[in-house]
Amino acid sequence: MPLRITDTFRSALAAADRPLAGMWVCSGSPLIAELCAGSGLDWLLVDAEHSPNGLESILAQLQATHGYPVHTVVRPPVNDTVVIKQYLDLGVQNLLIPMVNSAAEAEAAVAATRYPPQGVRGVGSALARAARWNRVPEYLARAGETISVTVQIESEAAVAVVENILAVDGVDAIFVGPSDLAASMGLLGQQEHPEVRAAVEHCLAAAKGAGTPAGVNAFNPDTAKHYLDNGADFILVGADVALLARGSEALAAQYIKPGGGDTPASY
């Protein structure tokens, strides 16, 4: 039976009449991914760079979120042709490539998502979920249409050449990571520093000038609003593990008295 691949994050950004809001999914749990997929948010970022996600757990999360009105983006641990090939064959349609510091690295990321002669992606569609085991008509010819590539700007070097990165054919969006950007600027842990904010704003303005969507990570609501007011097209505003950590801490603070004892603090 012929099957149809769902729309990409690229098409969602193009069709949006407002910024798209999303959250990180870092737990490695398909149950948590599905729970988040039904939240009403526009997109999820399943992370494999700083989270315990391998091929099997990513596959399970793709299956868990499929059918929900949300776009699932996956971040591999590295900008690597073989890793990207494996993710694509799993059925990942939307990639966020970390630590892209130059136009050449952006070109390599795009090439990894394209079959020859446009790129270097290995051909294994008959074996892969991406093509639904050759149940998607003309998958080989149209695979590029089913994939979106967002590259992450998270260093001083990348900010300095962001216009060149934006000019790479096949880069559908950029995403700015203030945490690593701050670290590269000698401001570790100071994502709110004025120099970091200025660097983020420079990238947002460059993307606007290039006609390319730009996003940013901002858990602080005031910071998120600031970047949205400065032209961010999409944003990440929370993470499953952070929400669980802070929520469980709040329960402990409410029901456990300082210094011990059995009486809940709310009594």
# chains A, B, ... in the order shown; residues from 1 in each chain; ligands from 1
>>> closest_atom_pairs(of="segment 57-107 of chain A", to="segment 12-17 of chain A", cutoff="12 Å", atoms="only C-alpha atoms", output="CSV")
residue,atom,partner,partner_atom,distance
A:Pro69,CA,A:Ala12,CA,11.1
A:Val70,CA,A:Ala12,CA,9.7
A:His71,CA,A:Ala12,CA,8.1
A:Thr72,CA,A:Ala12,CA,11.3
A:Val73,CA,A:Ala12,CA,11.9
A:Asn94,CA,A:Ala12,CA,11.1
>>> write_last_selection(atoms="N, CA and C atoms", output="PDB file, in the first residue's frame")
ATOM      1  N   PRO A  69      -0.351  16.063  16.643  1.00  0.00           N
ATOM      2  CA  PRO A  69      -0.165  17.313  15.894  1.00  0.00           C
ATOM      3  C   PRO A  69       1.064  18.084  16.375  1.00  0.00           C
ATOM      4  N   VAL A  70       2.237  17.490  16.216  1.00  0.00           N
ATOM      5  CA  VAL A  70       3.483  18.091  16.683  1.00  0.00           C
ATOM      6  C   VAL A  70       4.592  17.670  15.726  1.00  0.00           C
ATOM      7  N   HIS A  71       5.587  18.536  15.552  1.00  0.00           N
ATOM      8  CA  HIS A  71       6.737  18.205  14.706  1.00  0.00           C
ATOM      9  C   HIS A  71       7.881  17.759  15.610  1.00  0.00           C
ATOM     10  N   THR A  72       8.390  16.562  15.353  1.00  0.00           N
ATOM     11  CA  THR A  72       9.481  16.006  16.147  1.00  0.00           C
ATOM     12  C   THR A  72      10.802  16.234  15.425  1.00  0.00           C
ATOM     13  N   VAL A  73      11.677  16.985  16.071  1.00  0.00           N
ATOM     14  CA  VAL A  73      13.020  17.271  15.573  1.00  0.00           C
ATOM     15  C   VAL A  73      13.997  16.461  16.422  1.00  0.00           C
ATOM     16  N   ASN A  94      13.368  15.564  10.611  1.00  0.00           N
ATOM     17  CA  ASN A  94      13.794  16.907  10.982  1.00  0.00           C
ATOM     18  C   ASN A  94      15.027  16.819  11.874  1.00  0.00           C
TER      19      ASN A  94
END
>>> residues_around(residues="Gly119 of chain A", least_positions_apart="5", cutoff="9 Å", atoms="only C-alpha atoms", output="PDB file with N, CA, C and O atoms, in the first residue's frame")
ATOM      1  N   ALA A 108      28.437  20.107   4.720  1.00  0.00           N
ATOM      2  CA  ALA A 108      28.596  18.684   5.021  1.00  0.00           C
ATOM      3  C   ALA A 108      27.328  18.106   5.628  1.00  0.00           C
ATOM      4  O   ALA A 108      26.934  16.970   5.316  1.00  0.00           O
ATOM      5  N   VAL A 110      24.226  19.164   5.161  1.00  0.00           N
ATOM      6  CA  VAL A 110      23.224  19.052   4.100  1.00  0.00           C
ATOM      7  C   VAL A 110      23.547  17.869   3.192  1.00  0.00           C
ATOM      8  O   VAL A 110      22.663  17.073   2.835  1.00  0.00           O
ATOM      9  N   ALA A 111      24.805  17.723   2.807  1.00  0.00           N
ATOM     10  CA  ALA A 111      25.206  16.631   1.918  1.00  0.00           C
ATOM     11  C   ALA A 111      24.888  15.269   2.526  1.00  0.00           C
ATOM     12  O   ALA A 111      24.538  14.323   1.807  1.00  0.00           O
ATOM     13  N   ALA A 112      24.982  15.160   3.851  1.00  0.00           N
ATOM     14  CA  ALA A 112      24.695  13.891   4.519  1.00  0.00           C
ATOM     15  C   ALA A 112      23.229  13.507   4.410  1.00  0.00           C
ATOM     16  O   ALA A 112      22.882  12.335   4.593  1.00  0.00           O
ATOM     17  N   THR A 113      22.366  14.477   4.105  1.00  0.00           N
ATOM     18  CA  THR A 113      20.929  14.197   4.011  1.00  0.00           C
ATOM     19  C   THR A 113      20.452  13.997   2.581  1.00  0.00           C
ATOM     20  O   THR A 113      19.267  13.759   2.360  1.00  0.00           O
ATOM     21  N   ARG A 114      21.349  14.075   1.616  1.00  0.00           N
ATOM     22  CA  ARG A 114      20.975  13.989   0.203  1.00  0.00           C
ATOM     23  C   ARG A 114      21.644  12.784  -0.439  1.00  0.00           C
ATOM     24  O   ARG A 114      22.823  12.517  -0.209  1.00  0.00           O
TER      25      ARG A 114
END
>>> closest_residue(among="A:Asp7, A:Glu249, A:Asp240, A:Glu145", to="Val25 of chain A", atoms="only C-alpha atoms")
A:Asp240
>>> closest_residue(among="A:Leu41, A:Ser125, A:Leu35, A:Gly177", to="Glu138 of chain A", atoms="only C-alpha atoms")
A:Ser125
>>> residues_around(residues="Gly91 of chain A", least_positions_apart="3", cutoff="9 Å", atoms="only C-alpha atoms", output="list in words")
Leu59, Leu62, Gln86, Tyr87, Leu88, Ala128, Arg129, Ala130, Ala131 and Arg132 of chain A
>>> residues_around(residues="Ala143 of chain A", least_positions_apart="4", cutoff="8 Å", atoms="only C-alpha atoms", output="list in words")
Arg114, Tyr115, Tyr139 and Ile147 of chain A
>>> write_last_selection(atoms="N, CA, C and O atoms", output="CSV table (one decimal), in the first residue's frame")
chain,number,residue,atom,x,y,z
A,114,ARG,N,21.3,14.1,1.6
A,114,ARG,CA,21.0,14.0,0.2
A,114,ARG,C,21.6,12.8,-0.4
A,114,ARG,O,22.8,12.5,-0.2
A,115,TYR,N,20.9,12.1,-1.3
A,115,TYR,CA,21.5,11.0,-2.1
A,115,TYR,C,22.3,11.6,-3.2
A,115,TYR,O,22.1,12.7,-3.6
A,139,TYR,N,10.5,7.4,-3.2
A,139,TYR,CA,11.2,7.9,-2.1
A,139,TYR,C,12.6,8.4,-2.5
A,139,TYR,O,13.1,9.5,-2.1
A,147,ILE,N,12.8,15.9,4.3
A,147,ILE,CA,13.8,16.2,5.3
A,147,ILE,C,14.0,17.7,5.5
A,147,ILE,O,14.1,18.4,4.5
>>> select_by_dssp(residues="segment 114-265 of chain A", states="helix (DSSP H, G or I)", output="ChimeraX atom specification")
/A:125-127,129-131,139-146,156-160,162-166,178-184,194-210,221-229,240-255
>>> residues_around(residues="Leu20 of chain A", least_positions_apart="2", cutoff="12 Å", atoms="only C-alpha atoms", output="count of residues only")
31
>>> residues_around(residues="Ala48 of chain A", least_positions_apart="5", cutoff="9 Å", atoms="only C-alpha atoms", output="list in words")
Cys26, Gly28, Asn53, Gly54, Ile58, Val74, Arg75, Pro76, Pro77 and Val78 of chain A
>>> atom_distance(atom1="atom CA of Ala103 of chain A", atom2="atom CA of Glu201 of chain A")
19.7 Å
>>> closest_residue(among="A:Ala210, A:Leu95, A:Ala218, A:Ala239", to="Arg197 of chain A", atoms="only C-alpha atoms")
A:Ala218
>>> residues_around(residues="Thr212 of chain A", least_positions_apart="6", cutoff="8 Å", atoms="only C-alpha atoms", output="list of chain:residue names")
A:Leu166, A:Asp172, A:Ala173, A:Ile174
>>> write_last_selection(atoms="all heavy atoms", output="short mmCIF file (atom, residue, chain, number, x, y, z; two decimals), in the first residue's frame")
data_model
loop_
_atom_site.label_atom_id
_atom_site.label_comp_id
_atom_site.auth_asym_id
_atom_site.auth_seq_id
_atom_site.Cartn_x
_atom_site.Cartn_y
_atom_site.Cartn_z
N LEU A 166 24.15 30.85 6.61
CA LEU A 166 22.79 31.06 6.12
C LEU A 166 22.70 30.96 4.60
O LEU A 166 21.65 30.64 4.05
CB LEU A 166 22.28 32.43 6.56
CG LEU A 166 21.90 32.55 8.03
CD1 LEU A 166 21.87 34.01 8.47
CD2 LEU A 166 20.55 31.89 8.29
N ASP A 172 17.75 24.94 6.15
CA ASP A 172 16.36 25.40 6.23
C ASP A 172 16.13 26.38 7.37
O ASP A 172 15.18 27.17 7.32
CB ASP A 172 15.43 24.20 6.40
CG ASP A 172 15.49 23.27 5.20
OD1 ASP A 172 15.31 23.74 4.07
OD2 ASP A 172 15.73 22.06 5.41
N ALA A 173 16.96 26.32 8.39
CA ALA A 173 16.82 27.21 9.54
C ALA A 173 18.10 27.16 10.35
O ALA A 173 18.91 26.23 10.21
CB ALA A 173 15.63 26.79 10.41
N ILE A 174 18.28 28.17 11.21
CA ILE A 174 19.36 28.14 12.19
C ILE A 174 18.74 28.18 13.57
O ILE A 174 17.63 28.68 13.76
CB ILE A 174 20.36 29.29 12.02
CG1 ILE A 174 19.69 30.66 12.24
CG2 ILE A 174 21.04 29.23 10.65
CD1 ILE A 174 20.66 31.82 12.36
#
>>> closest_residue(among="A:Val196, A:Leu251, A:Val176, A:Val92", to="Ala158 of chain A", atoms="only C-alpha atoms")
A:Val176
